[in-house]
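*Asks:* What follows is the file start-v2.pdb, containing PDB, C-alpha atoms and all ligand atoms:
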ATOM      1  CA  MET W   1      29.590  -2.127   0.729
ATOM      2  CA  SER W   2      30.441   0.609  -1.781
ATOM      3  CA  SER W   3      29.585   4.145  -0.781
ATOM      4  CA  PHE W   4      26.594   5.953  -2.247
ATOM      5  CA  VAL W   5      27.921   9.406  -1.308
ATOM      6  CA  ASP W   6      27.011  11.897  -4.076
ATOM      7  CA  TYR W   7      24.775   9.293  -5.729
ATOM      8  CA  THR W   8      21.318  10.325  -6.830
ATOM      9  CA  VAL W   9      18.823   7.523  -6.326
ATOM     10  CA  VAL W  10      15.117   7.168  -7.071
ATOM     11  CA  VAL W  11      13.157   4.539  -5.149
ATOM     12  CA  THR W  12       9.490   3.876  -5.899
ATOM     13  CA  GLY W  13       7.157   2.344  -3.346
ATOM     14  CA  ALA W  14       9.396   3.869  -0.690
ATOM     15  CA  SER W  15       6.845   4.325   2.093
ATOM     16  CA  SER W  16       6.432   0.728   3.201
ATOM     17  CA  GLY W  17       8.027  -2.680   3.436
ATOM     18  CA  ILE W  18      10.975  -3.421   1.147
ATOM     19  CA  GLY W  19      11.098   0.058  -0.413
ATOM     20  CA  PHE W  20      11.131   1.739   2.999
ATOM     21  CA  GLU W  21      14.051  -0.404   4.228
ATOM     22  CA  LEU W  22      15.927   0.068   0.952
ATOM     23  CA  SER W  23      15.499   3.852   1.070
ATOM     24  CA  ARG W  24      16.720   3.873   4.684
ATOM     25  CA  LEU W  25      19.836   1.830   3.799
ATOM     26  CA  LEU W  26      20.560   4.153   0.860
ATOM     27  CA  VAL W  27      20.224   7.293   3.003
ATOM     28  CA  ASP W  28      22.534   5.716   5.597
ATOM     29  CA  ALA W  29      25.038   4.946   2.810
ATOM     30  CA  GLY W  30      25.123   8.613   1.802
ATOM     31  CA  ALA W  31      22.770   8.695  -1.182
ATOM     32  CA  GLN W  32      20.445  11.546  -2.024
ATOM     33  CA  VAL W  33      17.212   9.532  -2.185
ATOM     34  CA  PHE W  34      14.136  10.692  -4.079
ATOM     35  CA  ALA W  35      11.360   8.584  -2.590
ATOM     36  CA  ALA W  36       8.231   8.172  -4.696
ATOM     37  CA  ASP W  37       5.034   6.612  -3.462
ATOM     38  CA  LEU W  38       1.275   7.025  -3.772
ATOM     39  CA  ASP W  39       1.621   8.487  -0.276
ATOM     40  CA  ALA W  40       5.251   9.526   0.090
ATOM     41  CA  ALA W  41       4.781  10.943   3.593
ATOM     42  CA  GLY W  42       5.692   7.511   4.967
ATOM     43  CA  ALA W  43       9.127   7.398   3.343
ATOM     44  CA  PRO W  44      12.141   7.452   5.686
ATOM     45  CA  ASP W  45      13.616  10.660   7.088
ATOM     46  CA  GLY W  46      16.386  12.059   4.910
ATOM     47  CA  CYS W  47      14.582  11.324   1.618
ATOM     48  CA  VAL W  48      13.035  13.854  -0.721
ATOM     49  CA  ARG W  49       9.417  12.659  -0.663
ATOM     50  CA  ILE W  50       7.372  12.815  -3.885
ATOM     51  CA  ASP W  51       3.751  11.707  -4.222
ATOM     52  CA  ALA W  52       3.438   9.805  -7.491
ATOM     53  CA  ASP W  53       1.599   6.962  -9.165
ATOM     54  CA  VAL W  54       4.131   4.926 -11.156
ATOM     55  CA  ALA W  55       1.417   3.873 -13.594
ATOM     56  CA  LEU W  56       1.153   7.484 -14.824
ATOM     57  CA  GLU W  57       3.821   8.704 -17.236
ATOM     58  CA  GLU W  58       3.482  12.349 -16.151
ATOM     59  CA  ASP W  59       4.106  11.311 -12.533
ATOM     60  CA  VAL W  60       7.156   9.218 -13.387
ATOM     61  CA  GLU W  61       8.553  12.026 -15.558
ATOM     62  CA  ARG W  62       8.049  14.473 -12.674
ATOM     63  CA  VAL W  63       9.860  12.196 -10.202
ATOM     64  CA  VAL W  64      12.842  11.706 -12.512
ATOM     65  CA  SER W  65      13.067  15.379 -13.509
ATOM     66  CA  THR W  66      12.863  16.457  -9.852
ATOM     67  CA  ALA W  67      15.891  14.286  -9.086
ATOM     68  CA  ILE W  68      17.864  15.399 -12.148
ATOM     69  CA  ASP W  69      16.997  19.100 -11.743
ATOM     70  CA  ALA W  70      18.125  19.000  -8.106
ATOM     71  CA  THR W  71      21.382  17.090  -8.540
ATOM     72  CA  GLY W  72      22.238  17.068 -12.240
ATOM     73  CA  ARG W  73      22.373  13.284 -12.425
ATOM     74  CA  ILE W  74      20.691   9.969 -11.738
ATOM     75  CA  ASP W  75      22.796   7.029 -10.623
ATOM     76  CA  VAL W  76      20.308   4.433  -9.416
ATOM     77  CA  LEU W  77      16.657   3.667 -10.069
ATOM     78  CA  CYS W  78      14.898   1.124  -7.844
ATOM     79  CA  ASN W  79      11.573   0.309  -9.485
ATOM     80  CA  ASN W  80      10.014  -1.252  -6.411
ATOM     81  CA  ALA W  81       6.354  -0.146  -6.280
ATOM     82  CA  GLY W  82       4.035  -3.073  -6.830
ATOM     83  CA  LEU W  83       0.460  -4.193  -6.530
ATOM     84  CA  GLY W  84      -0.755  -7.641  -5.460
ATOM     85  CA  SER W  85      -3.525  -9.718  -6.953
ATOM     86  CA  THR W  86      -4.739 -13.055  -5.606
ATOM     87  CA  THR W  87      -6.994 -14.709  -8.153
ATOM     88  CA  SER W  88      -6.957 -17.332 -10.872
ATOM     89  CA  VAL W  89      -7.306 -16.423 -14.548
ATOM     90  CA  VAL W  90     -11.029 -17.222 -14.438
ATOM     91  CA  ASP W  91     -11.715 -15.158 -11.326
ATOM     92  CA  CYS W  92      -9.496 -12.176 -12.140
ATOM     93  CA  PRO W  93     -11.628  -9.141 -13.012
ATOM     94  CA  THR W  94     -10.289  -7.693 -16.254
ATOM     95  CA  ASP W  95      -9.862  -4.227 -14.752
ATOM     96  CA  GLU W  96      -7.793  -5.791 -11.942
ATOM     97  CA  TRP W  97      -5.548  -7.428 -14.564
ATOM     98  CA  ASP W  98      -5.120  -4.045 -16.255
ATOM     99  CA  ARG W  99      -4.308  -2.175 -13.024
ATOM    100  CA  VAL W 100      -1.785  -4.826 -11.903
ATOM    101  CA  PHE W 101      -0.020  -4.541 -15.259
ATOM    102  CA  ALA W 102      -0.219  -0.739 -15.184
ATOM    103  CA  VAL W 103       1.609  -0.596 -11.851
ATOM    104  CA  ASN W 104       3.882  -3.650 -11.952
ATOM    105  CA  ALA W 105       4.881  -3.752 -15.626
ATOM    106  CA  ARG W 106       4.142  -0.323 -17.154
ATOM    107  CA  GLY W 107       5.456   1.411 -14.016
ATOM    108  CA  VAL W 108       8.788  -0.385 -14.393
ATOM    109  CA  PHE W 109       8.893   0.379 -18.125
ATOM    110  CA  LEU W 110       8.172   4.077 -17.512
ATOM    111  CA  GLY W 111      10.824   4.431 -14.830
ATOM    112  CA  MET W 112      13.492   2.927 -17.087
ATOM    113  CA  LYS W 113      12.328   4.901 -20.120
ATOM    114  CA  HIS W 114      12.831   8.187 -18.284
ATOM    115  CA  VAL W 115      16.158   7.477 -16.527
ATOM    116  CA  LEU W 116      17.983   5.676 -19.325
ATOM    117  CA  PRO W 117      18.851   8.705 -21.510
ATOM    118  CA  THR W 118      20.585  10.404 -18.559
ATOM    119  CA  MET W 119      22.306   7.209 -17.403
ATOM    120  CA  VAL W 120      23.571   6.499 -20.920
ATOM    121  CA  ALA W 121      24.858  10.092 -21.248
ATOM    122  CA  GLN W 122      26.676   9.658 -17.912
ATOM    123  CA  GLY W 123      28.128   6.333 -19.097
ATOM    124  CA  LYS W 124      27.009   4.811 -15.813
ATOM    125  CA  GLY W 125      23.847   3.804 -14.011
ATOM    126  CA  SER W 126      22.229   0.960 -12.121
ATOM    127  CA  ILE W 127      18.592  -0.099 -12.328
ATOM    128  CA  VAL W 128      17.109  -2.564  -9.848
ATOM    129  CA  ASN W 129      13.593  -3.781 -10.542
ATOM    130  CA  THR W 130      11.553  -5.630  -7.934
ATOM    131  CA  ALA W 131      10.102  -8.768  -9.507
ATOM    132  CA  SER W 132       9.071 -11.857  -7.486
ATOM    133  CA  VAL W 133       9.468 -15.619  -7.353
ATOM    134  CA  ALA W 134       5.933 -15.530  -8.766
ATOM    135  CA  GLY W 135       7.530 -14.507 -12.070
ATOM    136  CA  LEU W 136       9.685 -17.645 -12.046
ATOM    137  CA  ILE W 137       7.436 -20.444 -10.784
ATOM    138  CA  GLY W 138       3.718 -21.192 -10.883
ATOM    139  CA  LEU W 139       1.836 -20.328  -7.689
ATOM    140  CA  PRO W 140      -1.915 -20.794  -7.153
ATOM    141  CA  ASP W 141      -4.130 -17.688  -7.350
ATOM    142  CA  ARG W 142      -1.507 -15.269  -8.652
ATOM    143  CA  ALA W 143      -2.505 -15.037 -12.337
ATOM    144  CA  ALA W 144      -2.138 -11.307 -13.035
ATOM    145  CA  TYR W 145       0.585 -10.867 -10.444
ATOM    146  CA  SER W 146       2.755 -13.716 -11.800
ATOM    147  CA  ALA W 147       2.363 -12.561 -15.380
ATOM    148  CA  SER W 148       3.281  -8.976 -14.473
ATOM    149  CA  LYS W 149       6.376 -10.067 -12.551
ATOM    150  CA  GLY W 150       7.394 -12.373 -15.411
ATOM    151  CA  ALA W 151       7.232  -9.271 -17.601
ATOM    152  CA  VAL W 152       9.540  -7.440 -15.174
ATOM    153  CA  ILE W 153      12.112 -10.257 -15.361
ATOM    154  CA  SER W 154      11.999 -10.374 -19.174
ATOM    155  CA  LEU W 155      12.240  -6.607 -19.555
ATOM    156  CA  THR W 156      15.131  -6.513 -17.089
ATOM    157  CA  ARG W 157      17.075  -8.956 -19.281
ATOM    158  CA  GLN W 158      16.186  -7.080 -22.457
ATOM    159  CA  VAL W 159      17.331  -3.735 -21.041
ATOM    160  CA  ALA W 160      20.500  -5.322 -19.647
ATOM    161  CA  ILE W 161      21.472  -6.539 -23.102
ATOM    162  CA  GLN W 162      20.380  -3.399 -24.923
ATOM    163  CA  TYR W 163      22.548  -1.178 -22.695
ATOM    164  CA  ALA W 164      25.344  -3.548 -21.616
ATOM    165  CA  ALA W 165      28.009  -1.672 -23.561
ATOM    166  CA  THR W 166      26.986   1.747 -22.204
ATOM    167  CA  GLY W 167      27.937   1.283 -18.559
ATOM    168  CA  VAL W 168      24.298   1.004 -17.490
ATOM    169  CA  ARG W 169      23.391  -2.168 -15.579
ATOM    170  CA  CYS W 170      19.883  -3.555 -15.135
ATOM    171  CA  ASN W 171      19.001  -6.316 -12.670
ATOM    172  CA  CYS W 172      16.005  -7.505 -10.735
ATOM    173  CA  ILE W 173      15.332  -9.114  -7.398
ATOM    174  CA  CYS W 174      12.899 -11.985  -6.934
ATOM    175  CA  PRO W 175      11.762 -12.044  -3.318
ATOM    176  CA  GLY W 176       9.828 -14.946  -1.859
ATOM    177  CA  THR W 177       7.160 -14.252   0.743
ATOM    178  CA  VAL W 178       8.199 -11.284   2.829
ATOM    179  CA  ASP W 179       6.602 -10.229   6.091
ATOM    180  CA  SER W 180       5.800  -6.679   4.968
ATOM    181  CA  PRO W 181       2.518  -4.776   5.423
ATOM    182  CA  TRP W 182       1.640  -6.320   2.041
ATOM    183  CA  VAL W 183       1.411  -9.810   3.537
ATOM    184  CA  GLY W 184      -0.511  -8.350   6.485
ATOM    185  CA  ARG W 185      -3.153  -7.096   4.052
ATOM    186  CA  LEU W 186      -3.192 -10.428   2.218
ATOM    187  CA  LEU W 187      -3.825 -12.279   5.477
ATOM    188  CA  GLN W 188      -6.498  -9.833   6.654
ATOM    189  CA  GLY W 189      -8.510 -10.723   3.561
ATOM    190  CA  ALA W 190      -8.300 -14.475   4.235
ATOM    191  CA  ASP W 191     -11.191 -16.456   5.767
ATOM    192  CA  ASP W 192      -8.846 -17.727   8.487
ATOM    193  CA  PRO W 193      -5.829 -15.376   8.739
ATOM    194  CA  ALA W 194      -3.909 -17.588  11.193
ATOM    195  CA  ALA W 195      -4.310 -20.647   8.948
ATOM    196  CA  ALA W 196      -3.364 -18.569   5.898
ATOM    197  CA  ARG W 197      -0.176 -17.368   7.629
ATOM    198  CA  ALA W 198       0.680 -20.947   8.649
ATOM    199  CA  ALA W 199       0.242 -22.037   5.018
ATOM    200  CA  LEU W 200       2.615 -19.300   3.818
ATOM    201  CA  VAL W 201       5.216 -20.320   6.400
ATOM    202  CA  ALA W 202       4.772 -24.030   5.549
ATOM    203  CA  ARG W 203       5.633 -23.193   1.903
ATOM    204  CA  GLN W 204       9.043 -21.918   3.061
ATOM    205  CA  PRO W 205      11.836 -24.519   3.088
ATOM    206  CA  VAL W 206      13.625 -22.457   5.761
ATOM    207  CA  GLY W 207      10.500 -22.408   7.913
ATOM    208  CA  ARG W 208       9.958 -18.645   8.103
ATOM    209  CA  LEU W 209       8.982 -15.662   6.000
ATOM    210  CA  GLY W 210      11.584 -13.161   4.826
ATOM    211  CA  GLN W 211      12.034  -9.740   6.391
ATOM    212  CA  PRO W 212      11.907  -6.549   4.279
ATOM    213  CA  LEU W 213      15.441  -5.653   5.373
ATOM    214  CA  GLU W 214      16.800  -8.966   4.029
ATOM    215  CA  ILE W 215      15.385  -8.146   0.610
ATOM    216  CA  ALA W 216      16.527  -4.521   0.764
ATOM    217  CA  LYS W 217      20.130  -5.625   1.382
ATOM    218  CA  ALA W 218      20.060  -7.698  -1.821
ATOM    219  CA  ALA W 219      18.703  -4.757  -3.811
ATOM    220  CA  LEU W 220      21.354  -2.503  -2.266
ATOM    221  CA  TYR W 221      24.071  -4.861  -3.481
ATOM    222  CA  LEU W 222      22.763  -4.834  -7.065
ATOM    223  CA  ALA W 223      22.433  -1.042  -6.953
ATOM    224  CA  SER W 224      26.003  -0.627  -5.718
ATOM    225  CA  ASP W 225      29.356  -0.569  -7.489
ATOM    226  CA  ASP W 226      30.137  -3.901  -5.786
ATOM    227  CA  ALA W 227      27.910  -5.399  -8.491
ATOM    228  CA  GLU W 228      29.774  -3.723 -11.359
ATOM    229  CA  PHE W 229      30.078  -7.054 -13.241
ATOM    230  CA  VAL W 230      26.417  -8.000 -12.693
ATOM    231  CA  THR W 231      23.778  -7.212 -15.285
ATOM    232  CA  GLY W 232      20.651  -9.008 -16.467
ATOM    233  CA  THR W 233      20.392 -11.155 -13.379
ATOM    234  CA  ALA W 234      17.263 -12.154 -11.479
ATOM    235  CA  LEU W 235      18.495 -12.506  -7.909
ATOM    236  CA  VAL W 236      16.313 -14.874  -5.910
ATOM    237  CA  ILE W 237      15.977 -14.161  -2.163
ATOM    238  CA  ASP W 238      13.269 -16.554  -1.072
ATOM    239  CA  GLY W 239      14.215 -18.917   1.745
ATOM    240  CA  GLY W 240      14.462 -21.763  -0.764
ATOM    241  CA  ILE W 241      11.036 -21.768  -2.486
ATOM    242  CA  VAL W 242      12.400 -21.819  -6.023
ATOM    243  CA  ALA W 243      14.934 -24.521  -5.189
ATOM    244  CA  GLY W 244      12.209 -26.879  -3.905
TER     245      GLY W 244
HETATM  246  N1  LIG G   1       5.854  -8.884   0.336
HETATM  247  C1  LIG G   1       6.104  -9.928  -0.441
HETATM  248  O1  LIG G   1       5.877 -11.084  -0.055
HETATM  249  C2  LIG G   1       6.707  -9.721  -1.800
HETATM  250  C3  LIG G   1       7.184 -10.845  -2.473
HETATM  251  C4  LIG G   1       7.750 -10.681  -3.743
HETATM  252  C5  LIG G   1       7.797  -9.432  -4.316
HETATM  253  N2  LIG G   1       7.291  -8.367  -3.646
HETATM  254  C6  LIG G   1       7.352  -7.087  -4.341
HETATM  255  O2  LIG G   1       8.071  -6.159  -3.546
HETATM  256  C7  LIG G   1       7.630  -4.847  -3.839
HETATM  257  C8  LIG G   1       7.360  -4.124  -2.549
HETATM  258  O3  LIG G   1       6.420  -4.877  -1.826
HETATM  259  P1  LIG G   1       6.246  -4.779  -0.231
HETATM  260  O4  LIG G   1       6.048  -6.162   0.262
HETATM  261  O5  LIG G   1       7.283  -3.924   0.357
HETATM  262  O6  LIG G   1       4.802  -4.070  -0.226
HETATM  263  P2  LIG G   1       4.179  -2.879   0.615
HETATM  264  O7  LIG G   1       2.723  -2.929   0.309
HETATM  265  O8  LIG G   1       4.642  -2.941   2.045
HETATM  266  O9  LIG G   1       4.820  -1.576  -0.066
HETATM  267  C9  LIG G   1       4.509  -1.223  -1.378
HETATM  268  C10 LIG G   1       4.588   0.286  -1.509
HETATM  269  O10 LIG G   1       4.345   0.609  -2.889
HETATM  270  C11 LIG G   1       3.458   1.702  -2.947
HETATM  271  N3  LIG G   1       2.715   1.686  -4.209
HETATM  272  C12 LIG G   1       1.775   0.802  -4.592
HETATM  273  N4  LIG G   1       1.285   1.137  -5.799
HETATM  274  C13 LIG G   1       1.966   2.259  -6.188
HETATM  275  C14 LIG G   1       1.898   3.081  -7.338
HETATM  276  N5  LIG G   1       1.030   2.851  -8.324
HETATM  277  N6  LIG G   1       2.739   4.155  -7.422
HETATM  278  C15 LIG G   1       3.606   4.425  -6.397
HETATM  279  N7  LIG G   1       3.690   3.678  -5.278
HETATM  280  C16 LIG G   1       2.862   2.606  -5.181
HETATM  281  C17 LIG G   1       2.538   1.525  -1.745
HETATM  282  O11 LIG G   1       1.905   2.748  -1.384
HETATM  283  C18 LIG G   1       3.522   1.014  -0.684
HETATM  284  O12 LIG G   1       4.099   2.078   0.044
HETATM  285  C19 LIG G   1       6.426  -4.993  -4.774
HETATM  286  O13 LIG G   1       6.821  -4.780  -6.107
HETATM  287  C20 LIG G   1       6.022  -6.431  -4.577
HETATM  288  O14 LIG G   1       5.381  -6.973  -5.713
HETATM  289  C21 LIG G   1       6.743  -8.468  -2.405
END
Have the structure of the file written as structure tokens, please.
Ligand SMILES: NC(=O)c1ccc[n+]([C@@H]2O[C@H](COP(=O)([O-])OP(=O)(O)OC[C@H]3O[C@@H](n4cnc5c(N)ncnc54)[C@H](O)[C@@H]3O)[C@@H](O)[C@H]2O)c1
*Replies:*
Amino acid sequence: MSSFVDYTVVVTGASSGIGFELSRLLVDAGAQVFAADLDAAGAPDGCVRIDADVALEEDVERVVSTAIDATGRIDVLCNNAGLGSTTSVVDCPTDEWDRVFAVNARGVFLGMKHVLPTMVAQGKGSIVNTASVAGLIGLPDRAAYSASKGAVISLTRQVAIQYAATGVRCNCICPGTVDSPWVGRLLQGADDPAAARAALVARQPVGRLGQPLEIAKAALYLASDDAEFVTGTALVIDGGIVAG
């Protein structure tokens, strides 16, 4: 794996699950990691922790300017913060739809908007957005979530093409079901959590859920110089769901 020594990296949603593991891998690889989260106290040791809501432009601007003011550059942005939603179109409260889009789609847009000028001026940069298999295939009761992740995949491709000649790469990851605190919360809300977990596992061709670290390693690859020829891709890490 390429080194991240002297690389300035911003990771959002860094206090839990995939973002936590990714931030830890990046710190271990030598990066200066600026870890943004609604509650950044939970981000790994070695990160600069910044409380921020990615849905708010002033917060995203503050995160990016903190990183650039401290180091003079920005090499990698991992737009990983995300919000779940488990309803159909009919049952989805309209304010829930709006909040899911504000975090999952607008948050990704804002992060890219504020790092791209610096990355383009550097002639180099790597953006990794966290989408989901829900943005690629239809899943029951994921109306707002699927639509927001589809937006992440489309915007990733658009940005990749817009900036391909500048040295800035833009990719996304599409995890399947990952055993993060997120899934724990999803199961807690179910009528029968054990049955709900069994149903999630049964959906997996490989017979198990993914681990946050497995997803983080894929994001680390796309962030790294090993992926220098990769832009505009939606990398699926899902234990076979999309193939089925
Ligand atoms: N867990 C899964 O099964 C799964 C599957 C596919 C995609 N994903 C995506 O992976 C990403 C990370 O999910 P996870 O499973 O690690 O979840 P998680 O709940 O363990 O972690 C998400 C983190 O994001 C933070 N966050 C949420 N809203 C935020 C906001 N507005 N501003 C800043 N931070 C915010 C939370 O505080 C939390 O620390 C999300 O984008 C999610 O949609 C997860």
*Asks:* As an exercise, work out the distance from CA of Arg142 (chain W) to CA of Ala160 (chain W) in Å and give it to one decimal place.
*Replies:* 26.5 Å
*Asks:* Neighbouring residues of ligand LIG 1 (chain G) are defined here as those with any atom at most 6 Å from a ligand atom, counting all atoms listed in the file; list them as number ranges by chain.
*Replies:* W: 12-19, 37-39, 52-55, 80-83, 103, 130-132, 175-183
*Asks:* Could you take the residues named above and write them with C-alpha atoms, as a PDB file, in the frame of the given file?
*Replies:*
ATOM      1  CA  THR W  12       9.490   3.876  -5.899  1.00  0.00           C
ATOM      2  CA  GLY W  13       7.157   2.344  -3.346  1.00  0.00           C
ATOM      3  CA  ALA W  14       9.396   3.869  -0.690  1.00  0.00           C
ATOM      4  CA  SER W  15       6.845   4.325   2.093  1.00  0.00           C
ATOM      5  CA  SER W  16       6.432   0.728   3.201  1.00  0.00           C
ATOM      6  CA  GLY W  17       8.027  -2.680   3.436  1.00  0.00           C
ATOM      7  CA  ILE W  18      10.975  -3.421   1.147  1.00  0.00           C
ATOM      8  CA  GLY W  19      11.098   0.058  -0.413  1.00  0.00           C
ATOM      9  CA  ASP W  37       5.034   6.612  -3.462  1.00  0.00           C
ATOM     10  CA  LEU W  38       1.275   7.025  -3.772  1.00  0.00           C
ATOM     11  CA  ASP W  39       1.621   8.487  -0.276  1.00  0.00           C
ATOM     12  CA  ALA W  52       3.438   9.805  -7.491  1.00  0.00           C
ATOM     13  CA  ASP W  53       1.599   6.962  -9.165  1.00  0.00           C
ATOM     14  CA  VAL W  54       4.131   4.926 -11.156  1.00  0.00           C
ATOM     15  CA  ALA W  55       1.417   3.873 -13.594  1.00  0.00           C
ATOM     16  CA  ASN W  80      10.014  -1.252  -6.411  1.00  0.00           C
ATOM     17  CA  ALA W  81       6.354  -0.146  -6.280  1.00  0.00           C
ATOM     18  CA  GLY W  82       4.035  -3.073  -6.830  1.00  0.00           C
ATOM     19  CA  LEU W  83       0.460  -4.193  -6.530  1.00  0.00           C
ATOM     20  CA  VAL W 103       1.609  -0.596 -11.851  1.00  0.00           C
ATOM     21  CA  THR W 130      11.553  -5.630  -7.934  1.00  0.00           C
ATOM     22  CA  ALA W 131      10.102  -8.768  -9.507  1.00  0.00           C
ATOM     23  CA  SER W 132       9.071 -11.857  -7.486  1.00  0.00           C
ATOM     24  CA  PRO W 175      11.762 -12.044  -3.318  1.00  0.00           C
ATOM     25  CA  GLY W 176       9.828 -14.946  -1.859  1.00  0.00           C
ATOM     26  CA  THR W 177       7.160 -14.252   0.743  1.00  0.00           C
ATOM     27  CA  VAL W 178       8.199 -11.284   2.829  1.00  0.00           C
ATOM     28  CA  ASP W 179       6.602 -10.229   6.091  1.00  0.00           C
ATOM     29  CA  SER W 180       5.800  -6.679   4.968  1.00  0.00           C
ATOM     30  CA  PRO W 181       2.518  -4.776   5.423  1.00  0.00           C
ATOM     31  CA  TRP W 182       1.640  -6.320   2.041  1.00  0.00           C
ATOM     32  CA  VAL W 183       1.411  -9.810   3.537  1.00  0.00           C
TER      33      VAL W 183
END
*Asks:* Could you tell me, as a VMD selection string, exactly which residues end up selected when the PyMOL selection byres (((chain W and resi 221) around 12) and not hetatm) is applied to this structure?
*Replies:* chain W and resid 1 to 4 22 25 to 26 29 76 78 126 to 128 171 to 173 214 to 220 222 to 230 235
*Asks:* Quick one: pull the distance between CA of Asp75 (chain W) and CA of Gly125 (chain W), Å, one decimal.
*Replies:*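 We find that CA of Asp75 (chain W) and CA of Gly125 (chain W) lie 4.8 Å from each other.
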*Asks:* So which residues get picked by the PyMOL selection byres (((chain W and resi 144-148) around 12) and not hetatm) here, written as a PyMOL selection string?
*Replies:* chain W and resi 82-109+130-143+149-155+174
*Asks:* Contacts of Val206 (chain W) at 12 Å or less, counting only C-alpha atoms, minus same-chain residues fewer than 5 places along, as an MDAnalysis selection string?
*Replies:* chainID W and resid 176:177 200:201 237:244
*Asks:* For the residues in that selection, give me C-alpha atoms as a PDB file, in the coordinates of the input.
*Replies:*
ATOM      1  CA  GLY W 176       9.828 -14.946  -1.859  1.00  0.00           C
ATOM      2  CA  THR W 177       7.160 -14.252   0.743  1.00  0.00           C
ATOM      3  CA  LEU W 200       2.615 -19.300   3.818  1.00  0.00           C
ATOM      4  CA  VAL W 201       5.216 -20.320   6.400  1.00  0.00           C
ATOM      5  CA  ILE W 237      15.977 -14.161  -2.163  1.00  0.00           C
ATOM      6  CA  ASP W 238      13.269 -16.554  -1.072  1.00  0.00           C
ATOM      7  CA  GLY W 239      14.215 -18.917   1.745  1.00  0.00           C
ATOM      8  CA  GLY W 240      14.462 -21.763  -0.764  1.00  0.00           C
ATOM      9  CA  ILE W 241      11.036 -21.768  -2.486  1.00  0.00           C
ATOM     10  CA  VAL W 242      12.400 -21.819  -6.023  1.00  0.00           C
ATOM     11  CA  ALA W 243      14.934 -24.521  -5.189  1.00  0.00           C
ATOM     12  CA  GLY W 244      12.209 -26.879  -3.905  1.00  0.00           C
TER      13      GLY W 244
END
*Asks:* Work out how far CA of Arg49 (chain W) is from CA of Thr231 (chain W), in Å to one decimal.
*Replies:* 28.5 Å
*Asks:* Selected by the PyMOL selection byres (((chain W and resi 165) around 12) and not hetatm) in the shown coordinates: which residues, as a list in words?
*Replies:*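 Written out, the selection comes to Val120, Gly123, Lys124, Gly125, Val159, Ala160, Ile161, Gln162, Tyr163, Ala164, Thr166, Gly167, Val168, Arg169, Cys170, Phe229 and Thr231 of chain W.
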*Asks:* How big is the axis-aligned box around all listed atoms of region 111-125 of chain W once 5 Å goes on each side, and where's its centre, in Å to one decimal, as lines of an AutoDock Vina configuration file?
*Replies:*
center_x = 19.5
center_y = 6.7
center_z = -17.8
size_x = 27.3
size_y = 17.5
size_z = 17.5
*Asks:* Which residue is closest to Gly46 (chain W)? Choose from W:Val236, W:Val33, W:Leu77, W:Val5 and count all atoms listed in the file.
*Replies:*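 Among the listed residues, W:Val33 lies closest to Gly46 (chain W).
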*Asks:* From the list W:Val10, W:Ile68, W:Gln158, W:Phe34, which residue is nearest Gly111 (chain W) when using only C-alpha atoms?
*Replies:*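 Among W:Val10, W:Ile68, W:Gln158, W:Phe34, it is W:Val10 that comes nearest to Gly111 (chain W).
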*Asks:* Please determine, counting only C-alpha atoms, which residue among W:Gln211, W:Gly189, W:Thr233, W:Thr8 has the shortest atom-to-atom distance to Ile74 (chain W).
*Replies:*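 Comparing W:Gln211, W:Gly189, W:Thr233, W:Thr8 against Ile74 (chain W), the winner is W:Thr8.
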*Asks:* So, with all atoms listed in the file as the atoms that count, which of W:Ala43, W:His114, W:Gln188, W:Gly30 lies closest to Ala67 (chain W)?
*Replies:*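 Among the listed residues, W:His114 lies closest to Ala67 (chain W).
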*Asks:* My list of candidates is W:Thr71, W:Glu61, W:Pro205, W:Ile50. Which is closest to Ala31 (chain W) when distances are computed with only C-alpha atoms?
*Replies:*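 Result for the nearest residue to Ala31 (chain W): W:Thr71.
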*Asks:* Kindly add N, CA and C atoms to the incomplete region 169-177 of chain W and provide the output as a short mmCIF file (atom, residue, chain, number, x, y, z; two decimals), in the coordinates of the input.
*Replies:*
data_model
loop_
_atom_site.label_atom_id
_atom_site.label_comp_id
_atom_site.auth_asym_id
_atom_site.auth_seq_id
_atom_site.Cartn_x
_atom_site.Cartn_y
_atom_site.Cartn_z
N ARG W 169 23.76 -0.80 -15.96
CA ARG W 169 23.39 -2.17 -15.58
C ARG W 169 21.91 -2.22 -15.23
N CYS W 170 21.29 -3.39 -15.47
CA CYS W 170 19.88 -3.56 -15.14
C CYS W 170 19.68 -4.96 -14.58
N ASN W 171 19.22 -5.04 -13.35
CA ASN W 171 19.00 -6.32 -12.67
C ASN W 171 17.65 -6.30 -11.98
N CYS W 172 17.22 -7.49 -11.55
CA CYS W 172 16.00 -7.50 -10.74
C CYS W 172 16.19 -8.45 -9.56
N ILE W 173 15.37 -8.21 -8.55
CA ILE W 173 15.33 -9.11 -7.40
C ILE W 173 14.02 -9.89 -7.45
N CYS W 174 14.09 -11.14 -6.99
CA CYS W 174 12.90 -11.98 -6.93
C CYS W 174 12.70 -12.44 -5.49
N PRO W 175 12.00 -11.62 -4.70
CA PRO W 175 11.76 -12.04 -3.32
C PRO W 175 10.74 -13.18 -3.26
N GLY W 176 10.89 -14.01 -2.22
CA GLY W 176 9.83 -14.95 -1.86
C GLY W 176 8.84 -14.21 -0.98
N THR W 177 8.17 -14.92 -0.08
CA THR W 177 7.16 -14.25 0.74
C THR W 177 7.84 -13.49 1.87
#
